[in-house]
Amino acid sequence: MRCSGDSAVKQFLNPTLWQRLASMSAAELLDRARQDIAKRRDAMLYRLGRRFEGDAPLAATAAPAHFFFEPGELADLVALYRSRFPDEAKALLERAERICRHRFDLLGYEDVDYGPEIDWHLDAVNGRSAPRKPWHQIRLLDFEEVGDAKVTWELNRHQHFFTLALAECMTRDGRFAGELVRQWTSWRADNPYPIGINWASSLEVAFRAMSWLWARSLLEKCPHVSGEFRAEMLRALALGARHIETHFSTYSSPNTHLLGEAMGLFFIGTLCPELPRAEGWQRKSWRIILEHAEQKVLDDGFYFEQSTYYHVYALDFFLHARILAAVKGIAVPAEFDQTIRNMLELLCVLGCAGMPPRWGDDDGGRVFDGRRNRAEHLLDPLSTGAALFGRGDFKSVAGGLRAETLWLLGRRGAEKFDQIPAQAPERQSAYFRESGICVMAGSEAPGQQMAIDAGPLGGGTGGHSHADTLGLHLAVDGQECLGDAGTYRYVTASGDRNAFRGSAAHNVLLVDGKDHAELGGPFSWRSRPNVQVELWVAGESFDLLAAGHDGYARLPKPVRHLRSVFYLRNQFWLVRDIVLGSGAHDLEINWHLAPGMQPETTGANRFRAEASGRAAIVFLVPDGHGWQPSLETGWYSPAYGRKVQSPMLRFRQRAQLPAEFATMICVTGAGVEAPDSLVRMDAHASGVSGYEINTAQARHVLIFSECDGDWALGPWSSDAKVFYCRRTMSGALQQLAFVQGSFVKHNNQKVLFADRRATRCEACREAAGWRISCPAGETVKIAELPEKAN
């Protein structure tokens, strides 16, 4: 953007600018200065009449390098694709016909009409065409100037070229190849370098290059594609590579932007060896990809941006790069393979109950097929991972072969996938320490899994993270029941960006109506909560998480939020929220239900939600809780650019701190009935609270302690942080458990005791007597128990 004299002076004197410059290393300052000089030089040369062409032979002097498949394998792959995916192949041909009429499916938008002549700078959804000026002068986040750049860029990624090229392979009548050539030629004429929005992101240049190379490979033997067109495409690819290499997002966006740029350059450098600089591009980009895997993937396998969608995005890039490298005889380090396996294993755990949680931003795009951008498509990489690494658990969770796997690994990959015995992974709870992901999984039908985000916002500015700390996601039998609202759009005229990434759009507690992370720009947070996991226990019969954050410490009267989640396997979750601080505050807890679920009030403290074909979810809160419940309507975005209404359950209270609230969540069905009541026990000392849960078959007691020493509540006393017991309706003790304690007493009589503090103890009455379970190296003894306990 050009500045007037006054605005330039103001920008120069801006203290924030100087603070930012002072924080940069010498290497970053030099790289940014080099890029700034390069973009201004190219713009000046263009104004002086220079027209940029890539450094490439004037004619295609050699056959292109082999792609993921050999040229002779293409006909067989096309036939196999049509036989293995007949419905998908039919839909692809129909989509190709629409593309010929310039009607496109982009992100969450369907059948977007671009008219007889495509304006490649147009956001047709919002009716705004970006200005034709040097790319660095375009205000990309100015809705009035460009609309939503993501819509424009999605079209200009040219992933629909794969659709046209494959349709040509199936029909061989020249129509689809001719349309592809016309669109490509039109694009070249409408996007001279360096003019326009389609040069403003090196990542978009990289995506476009990968699409061209897929199309070139599919049409290599097509008689309807001329040698002149192939030579022109080669020169265009060289120009794209020059732009990517010059404008790597090394410091501006060292995330999937940099990774995707390296991937595009790797494609060009590997598949266009006739280009003079191809070998150097290949080496440089491969190094960046390997470094990115080493530095940006956490030790537990989650991508550092703390976004499920971006985790899958990065995983797709890594898989494509790894497979192409192996095909071309490039050494693949064992550490790179292990990183990919770690990412796949984490995704496999998140997908065990079906749809994984959609933490953080949903970009709306995909590396291979941009239309597979819904939550149910996030498990696609497991198909390729199963064939690549011979993993039956990946195959089971993926649910079937994906077409992407066929195109990446060929017939041999599809056959290997078929030969691997599907092995359903054991449903088990897990804690991923670096990312803070906690998974609580049931082992019986209906399959149920709760995932909790107890991790930090993503690295850097946290640009693709949401204010969802300690948020919950619940999937049952493959269906999402409790989830986040999604992303909707990055740029709008109405401010939806902040609404969808704010705390109110997630299953968390809010204080005074504020987000627990303070908003910065559209892709940054000014302040972020520090999250601390106090307890994580995965026992034989229960799971426990206790965590807290200081996101509201910035308030005039600072507040700290603690959340404990206790899961009695296959029975219920108890979610306990504590708000510490002083003074009166407005508190709010939201439960966002998936679209299609129908909530209803079934009692003074009881709510039920179910949808056709899904198990019912029951919410139960304590008698006399003092909070104001309401059933309301919120928003849910299933894909970028699309939103639908969804139900939500909200609790509000103006409370004097400290305050506490508990919510029981139960999945009913398969013999599991929701508890009848949830009663908070009377406590005569601070720092300890308990709940009695009554069902038709049993009575449960659950006690939490924030005390450092002994406590007593009702007939029970202990020094444990958490205590649980279950007895029959007649009073017979059936189960006892505690976390971080050394004794439990009932009516001042020892029940469980140890010489030193034990991490966990579970005692269960069986036919042969009491069975005690503790971690290895710990011992807890049980006293002679009364037959019944009051």
# chains A, B, ... in the order shown; residues from 1 in each chain; ligands from 1

$ closest_atom_pairs --of "range 522-595 of chain A" --to "range 646-659 of chain A" --cutoff "6 Å" --atoms "only C-alpha atoms" --output "Markdown table"
| residue | atom | partner | partner_atom | distance |
| --- | --- | --- | --- | --- |
| A:Ile578 | CA | A:Ala659 | CA | 5.8 |
| A:Val579 | CA | A:Ala659 | CA | 5.2 |
| A:Leu580 | CA | A:Pro658 | CA | 4.6 |
| A:Gly581 | CA | A:Leu657 | CA | 5.5 |
| A:Ser582 | CA | A:Leu657 | CA | 5.0 |
| A:Gly583 | CA | A:Gln656 | CA | 5.5 |
| A:Ala584 | CA | A:Gln656 | CA | 4.2 |
| A:His585 | CA | A:Ala655 | CA | 5.6 |
| A:Asp586 | CA | A:Arg654 | CA | 4.5 |
| A:Leu587 | CA | A:Gln653 | CA | 5.3 |
| A:Glu588 | CA | A:Arg652 | CA | 4.5 |
| A:Ile589 | CA | A:Phe651 | CA | 5.2 |
| A:Asn590 | CA | A:Arg650 | CA | 4.6 |
| A:Trp591 | CA | A:Leu649 | CA | 5.1 |
| A:His592 | CA | A:Met648 | CA | 4.5 |
| A:Leu593 | CA | A:Met648 | CA | 5.4 |
| A:Pro595 | CA | A:Ser646 | CA | 4.5 |

$ residues_around --residues "Gly486 in chain A" --least-positions-apart "6" --cutoff "8 Å" --atoms "only C-alpha atoms" --output "list in words"
Arg358, Trp359, Gly360, Asp361, Asp362, Phe500, Arg501, Tyr636, Ser637, Pro638 and Ala639 of chain A

$ write_last_selection --atoms "N, CA, C and O atoms" --output "short mmCIF file (atom, residue, chain, number, x, y, z; two decimals), in the first residue's frame"
data_model
loop_
_atom_site.label_atom_id
_atom_site.label_comp_id
_atom_site.auth_asym_id
_atom_site.auth_seq_id
_atom_site.Cartn_x
_atom_site.Cartn_y
_atom_site.Cartn_z
N ARG A 358 -12.45 -30.44 16.41
CA ARG A 358 -11.99 -29.42 15.47
C ARG A 358 -11.41 -28.25 16.25
O ARG A 358 -11.94 -27.15 16.23
N TRP A 359 -10.31 -28.47 16.93
CA TRP A 359 -9.68 -27.40 17.68
C TRP A 359 -9.04 -26.38 16.73
O TRP A 359 -8.44 -26.74 15.72
N GLY A 360 -9.14 -25.11 17.07
CA GLY A 360 -8.48 -24.08 16.29
C GLY A 360 -9.12 -23.84 14.95
O GLY A 360 -10.25 -24.25 14.67
N ASP A 361 -8.37 -23.15 14.09
CA ASP A 361 -8.90 -22.74 12.79
C ASP A 361 -9.10 -23.91 11.85
O ASP A 361 -8.35 -24.89 11.86
N ASP A 362 -10.12 -23.76 11.02
CA ASP A 362 -10.40 -24.67 9.90
C ASP A 362 -10.09 -23.87 8.63
O ASP A 362 -10.83 -22.97 8.26
N PHE A 500 -16.31 -16.42 16.21
CA PHE A 500 -16.13 -17.86 16.09
C PHE A 500 -14.87 -18.37 16.81
O PHE A 500 -14.82 -19.53 17.19
N ARG A 501 -13.87 -17.51 16.98
CA ARG A 501 -12.68 -17.98 17.69
C ARG A 501 -12.68 -17.58 19.16
O ARG A 501 -11.78 -17.92 19.91
N TYR A 636 -22.78 -22.86 14.00
CA TYR A 636 -21.83 -23.96 13.76
C TYR A 636 -21.37 -23.87 12.31
O TYR A 636 -22.20 -23.75 11.40
N SER A 637 -20.06 -23.89 12.10
CA SER A 637 -19.52 -23.80 10.74
C SER A 637 -18.93 -25.15 10.35
O SER A 637 -17.84 -25.50 10.81
N PRO A 638 -19.61 -25.92 9.49
CA PRO A 638 -19.08 -27.23 9.09
C PRO A 638 -17.91 -27.14 8.11
O PRO A 638 -17.16 -28.10 7.97
N ALA A 639 -17.79 -26.01 7.44
CA ALA A 639 -16.68 -25.79 6.50
C ALA A 639 -16.51 -24.29 6.33
O ALA A 639 -17.42 -23.51 6.59
#

$ closest_residue --among "A:Gly624, A:Gly354, A:Gly410, A:Gly385" --to "Leu80 in chain A" --atoms "only C-alpha atoms"
A:Gly410

$ closest_residue --among "A:Leu702, A:Met450, A:Val476, A:Leu406" --to "Gly613 in chain A" --atoms "only C-alpha atoms"
A:Val476

$ residues_around --residues "Arg341 in chain A" --least-positions-apart "6" --cutoff "10 Å" --atoms "only C-alpha atoms" --output "list in words"
Gly301, Leu315, Glu335, Leu347, Leu382, Gly385, Ala386, Leu388, Phe389 and Arg391 of chain A

$ write_last_selection --atoms "N, CA, C and O atoms" --output "short mmCIF file (atom, residue, chain, number, x, y, z; two decimals), in the first residue's frame"
data_model
loop_
_atom_site.label_atom_id
_atom_site.label_comp_id
_atom_site.auth_asym_id
_atom_site.auth_seq_id
_atom_site.Cartn_x
_atom_site.Cartn_y
_atom_site.Cartn_z
N GLY A 301 3.55 -35.58 18.80
CA GLY A 301 3.01 -35.77 17.46
C GLY A 301 2.05 -34.71 16.98
O GLY A 301 1.65 -34.73 15.82
N LEU A 315 0.40 -32.73 7.99
CA LEU A 315 0.59 -34.17 7.77
C LEU A 315 0.45 -34.51 6.29
O LEU A 315 1.22 -35.32 5.75
N GLU A 335 14.12 -40.48 11.09
CA GLU A 335 13.48 -39.54 12.02
C GLU A 335 12.26 -38.88 11.38
O GLU A 335 11.27 -38.60 12.07
N LEU A 347 -3.57 -38.65 15.47
CA LEU A 347 -4.82 -38.51 14.72
C LEU A 347 -5.68 -39.75 14.89
O LEU A 347 -6.91 -39.66 15.02
N LEU A 382 -4.96 -41.26 7.37
CA LEU A 382 -4.77 -42.59 7.94
C LEU A 382 -4.81 -43.68 6.88
O LEU A 382 -4.19 -44.73 7.04
N GLY A 385 -1.39 -43.57 5.44
CA GLY A 385 -0.50 -44.04 6.49
C GLY A 385 -0.58 -45.53 6.70
O GLY A 385 0.43 -46.20 6.97
N ALA A 386 -1.78 -46.10 6.57
CA ALA A 386 -1.94 -47.54 6.73
C ALA A 386 -1.16 -48.30 5.67
O ALA A 386 -0.44 -49.26 5.97
N LEU A 388 1.31 -47.11 3.80
CA LEU A 388 2.73 -46.76 3.82
C LEU A 388 3.48 -47.49 4.92
O LEU A 388 4.60 -47.97 4.72
N PHE A 389 2.86 -47.59 6.10
CA PHE A 389 3.54 -48.16 7.26
C PHE A 389 2.99 -49.51 7.70
O PHE A 389 3.41 -50.05 8.72
N ARG A 391 -0.09 -50.42 8.87
CA ARG A 391 -0.75 -50.30 10.18
C ARG A 391 -2.24 -50.64 10.08
O ARG A 391 -3.02 -49.90 9.47
#

$ residues_around --residues "range 743-756 of chain A" --least-positions-apart "2" --cutoff "7 Å" --atoms "only C-alpha atoms" --output "list of chain:residue names"
A:Pro715, A:Trp716, A:Ser717, A:Ser718, A:Asp719, A:Gly741, A:Ala758, A:Thr779, A:Val780, A:Lys781, A:Ile782, A:Ala783, A:Leu785

$ residues_around --residues "range 134-150 of chain A" --least-positions-apart "5" --cutoff "8 Å" --atoms "only C-alpha atoms" --output "ChimeraX atom specification"
/A:1-2,39,43,122-123,126-129,194-200,490-493

$ write_last_selection --atoms "all heavy atoms" --output "short mmCIF file (atom, residue, chain, number, x, y, z; two decimals), in the first residue's frame"
data_model
loop_
_atom_site.label_atom_id
_atom_site.label_comp_id
_atom_site.auth_asym_id
_atom_site.auth_seq_id
_atom_site.Cartn_x
_atom_site.Cartn_y
_atom_site.Cartn_z
N MET A 1 0.85 -1.18 0.00
CA MET A 1 0.00 0.00 0.00
C MET A 1 0.89 1.24 0.00
O MET A 1 1.79 1.37 0.81
CB MET A 1 -0.90 0.00 1.23
CG MET A 1 -1.81 1.19 1.33
SD MET A 1 -2.88 1.08 2.80
CE MET A 1 -1.65 1.24 4.08
N ARG A 2 0.59 2.17 -0.87
CA ARG A 2 1.36 3.40 -0.92
C ARG A 2 0.91 4.34 0.19
O ARG A 2 -0.26 4.43 0.51
CB ARG A 2 1.18 4.08 -2.28
CG ARG A 2 1.79 3.29 -3.42
CD ARG A 2 1.52 3.96 -4.75
NE ARG A 2 2.12 3.24 -5.84
CZ ARG A 2 1.91 3.54 -7.11
NH1 ARG A 2 1.12 4.53 -7.44
NH2 ARG A 2 2.50 2.82 -8.06
N LYS A 39 10.67 -7.20 -4.21
CA LYS A 39 9.30 -6.95 -4.68
C LYS A 39 9.17 -5.55 -5.30
O LYS A 39 8.45 -5.37 -6.29
CB LYS A 39 8.30 -7.15 -3.55
CG LYS A 39 8.39 -6.14 -2.41
CD LYS A 39 7.50 -6.57 -1.24
CE LYS A 39 7.55 -5.56 -0.10
NZ LYS A 39 6.79 -6.06 1.09
N ALA A 43 8.35 -4.74 -9.31
CA ALA A 43 7.24 -3.84 -9.66
C ALA A 43 7.73 -2.70 -10.55
O ALA A 43 7.07 -2.32 -11.53
CB ALA A 43 6.60 -3.28 -8.39
N LEU A 122 -11.35 -12.22 -8.81
CA LEU A 122 -12.67 -11.99 -8.22
C LEU A 122 -12.97 -12.95 -7.08
O LEU A 122 -12.74 -14.16 -7.19
CB LEU A 122 -13.74 -12.15 -9.31
CG LEU A 122 -15.20 -12.09 -8.87
CD1 LEU A 122 -15.55 -10.70 -8.37
CD2 LEU A 122 -16.12 -12.50 -10.02
N ASP A 123 -13.50 -12.39 -5.99
CA ASP A 123 -14.19 -13.17 -4.96
C ASP A 123 -15.66 -13.15 -5.35
O ASP A 123 -16.38 -12.19 -5.06
CB ASP A 123 -13.95 -12.55 -3.58
CG ASP A 123 -14.93 -13.06 -2.52
OD1 ASP A 123 -15.66 -14.02 -2.80
OD2 ASP A 123 -14.95 -12.47 -1.41
N ASN A 126 -18.53 -12.74 -2.59
CA ASN A 126 -18.82 -11.42 -2.04
C ASN A 126 -18.86 -10.31 -3.09
O ASN A 126 -19.07 -9.15 -2.76
CB ASN A 126 -17.77 -11.07 -0.98
CG ASN A 126 -17.82 -12.03 0.19
OD1 ASN A 126 -18.78 -12.05 0.96
ND2 ASN A 126 -16.80 -12.87 0.33
N GLY A 127 -18.63 -10.69 -4.36
CA GLY A 127 -18.76 -9.72 -5.44
C GLY A 127 -17.71 -8.63 -5.45
O GLY A 127 -18.00 -7.49 -5.83
N ARG A 128 -16.49 -8.97 -5.05
CA ARG A 128 -15.41 -7.99 -5.05
C ARG A 128 -14.22 -8.53 -5.82
O ARG A 128 -13.79 -9.66 -5.60
CB ARG A 128 -15.00 -7.62 -3.62
CG ARG A 128 -16.01 -6.71 -2.91
CD ARG A 128 -15.65 -6.54 -1.45
NE ARG A 128 -16.46 -5.50 -0.82
CZ ARG A 128 -17.71 -5.69 -0.38
NH1 ARG A 128 -18.28 -6.87 -0.52
NH2 ARG A 128 -18.37 -4.70 0.20
N SER A 129 -13.69 -7.68 -6.70
CA SER A 129 -12.52 -8.05 -7.49
C SER A 129 -11.32 -7.25 -7.01
O SER A 129 -11.39 -6.02 -6.90
CB SER A 129 -12.76 -7.77 -8.98
OG SER A 129 -11.69 -8.24 -9.77
N PRO A 194 4.44 -8.96 -11.73
CA PRO A 194 4.00 -9.30 -10.37
C PRO A 194 2.68 -8.63 -10.02
O PRO A 194 2.53 -8.09 -8.93
CB PRO A 194 5.13 -8.71 -9.53
CG PRO A 194 5.47 -7.43 -10.27
CD PRO A 194 5.21 -7.68 -11.73
N ILE A 195 1.73 -8.64 -10.92
CA ILE A 195 0.49 -7.88 -10.77
C ILE A 195 -0.63 -8.77 -10.23
O ILE A 195 -0.91 -9.85 -10.76
CB ILE A 195 0.06 -7.25 -12.10
CG1 ILE A 195 1.16 -6.31 -12.62
CG2 ILE A 195 -1.26 -6.50 -11.94
CD1 ILE A 195 1.52 -5.18 -11.68
N GLY A 196 -1.27 -8.31 -9.18
CA GLY A 196 -2.48 -8.95 -8.72
C GLY A 196 -2.35 -9.79 -7.46
O GLY A 196 -1.27 -10.16 -7.01
N ILE A 197 -3.51 -10.10 -6.93
CA ILE A 197 -3.63 -10.79 -5.65
C ILE A 197 -3.07 -12.21 -5.70
O ILE A 197 -2.67 -12.77 -4.67
CB ILE A 197 -5.12 -10.81 -5.21
CG1 ILE A 197 -5.25 -11.24 -3.74
CG2 ILE A 197 -5.95 -11.69 -6.14
CD1 ILE A 197 -6.65 -11.09 -3.20
N ASN A 198 -2.99 -12.79 -6.88
CA ASN A 198 -2.57 -14.18 -6.98
C ASN A 198 -1.06 -14.37 -6.90
O ASN A 198 -0.57 -15.51 -6.96
CB ASN A 198 -3.13 -14.80 -8.28
CG ASN A 198 -4.63 -14.89 -8.22
OD1 ASN A 198 -5.21 -15.32 -7.23
ND2 ASN A 198 -5.29 -14.41 -9.27
N TRP A 199 -0.32 -13.27 -6.75
CA TRP A 199 1.11 -13.34 -6.45
C TRP A 199 1.40 -12.91 -5.02
O TRP A 199 2.56 -12.88 -4.60
CB TRP A 199 1.90 -12.45 -7.42
CG TRP A 199 1.83 -12.91 -8.85
CD1 TRP A 199 1.11 -12.34 -9.85
CD2 TRP A 199 2.49 -14.04 -9.41
NE1 TRP A 199 1.28 -13.04 -11.03
CE2 TRP A 199 2.13 -14.09 -10.77
CE3 TRP A 199 3.35 -15.02 -8.91
CZ2 TRP A 199 2.60 -15.09 -11.64
CZ3 TRP A 199 3.82 -16.00 -9.76
CH2 TRP A 199 3.44 -16.03 -11.12
N ALA A 200 0.35 -12.57 -4.26
CA ALA A 200 0.55 -11.98 -2.94
C ALA A 200 0.92 -13.00 -1.87
O ALA A 200 1.36 -12.62 -0.79
CB ALA A 200 -0.70 -11.22 -2.52
N TYR A 490 -12.34 -15.97 7.71
CA TYR A 490 -11.25 -15.15 8.25
C TYR A 490 -11.54 -13.66 8.11
O TYR A 490 -11.13 -12.86 8.95
CB TYR A 490 -9.94 -15.47 7.52
CG TYR A 490 -9.33 -16.81 7.87
CD1 TYR A 490 -8.42 -17.43 7.02
CD2 TYR A 490 -9.64 -17.47 9.05
CE1 TYR A 490 -7.83 -18.64 7.32
CE2 TYR A 490 -9.08 -18.69 9.37
CZ TYR A 490 -8.17 -19.28 8.50
OH TYR A 490 -7.60 -20.48 8.81
N VAL A 491 -12.18 -13.28 7.01
CA VAL A 491 -12.40 -11.86 6.73
C VAL A 491 -13.87 -11.66 6.37
O VAL A 491 -14.37 -12.27 5.43
CB VAL A 491 -11.51 -11.38 5.56
CG1 VAL A 491 -11.75 -9.89 5.30
CG2 VAL A 491 -10.04 -11.63 5.85
N THR A 492 -14.54 -10.81 7.13
CA THR A 492 -15.92 -10.44 6.81
C THR A 492 -16.12 -8.98 7.17
O THR A 492 -15.29 -8.36 7.83
CB THR A 492 -16.94 -11.28 7.62
OG1 THR A 492 -16.81 -10.95 9.01
CG2 THR A 492 -16.71 -12.77 7.43
N ALA A 493 -17.25 -8.45 6.73
CA ALA A 493 -17.58 -7.07 7.09
C ALA A 493 -18.26 -7.01 8.45
O ALA A 493 -18.44 -5.94 9.01
CB ALA A 493 -18.48 -6.46 6.02
#

$ closest_residue --among "A:Trp770, A:Trp214, A:Tyr488, A:Trp120" --to "Gly108 in chain A" --atoms "only C-alpha atoms"
A:Tyr488

$ closest_residue --among "A:Ala517, A:Cys761, A:Val439, A:Val327" --to "His466 in chain A" --atoms "only C-alpha atoms"
A:Ala517

$ select_by_dssp --residues "range 69-267 of chain A" --states "strand (DSSP E)" --output "list in words"
Arg103, Phe104, Asp105, Leu106, Tyr109, Glu110, Asp111, Val112, Asp113, Leu122, Asp123, Arg128 and Ser129 of chain A

$ atom_distance --atom1 "CA of Ala331 in chain A" --atom2 "CA of His311 in chain A"
24.3 Å

$ residues_around --residues "Cys100 in chain A" --least-positions-apart "3" --cutoff "10 Å" --atoms "only C-alpha atoms" --output "ChimeraX atom specification"
/A:95-97,103-104,116,164,175-176,178-180,183
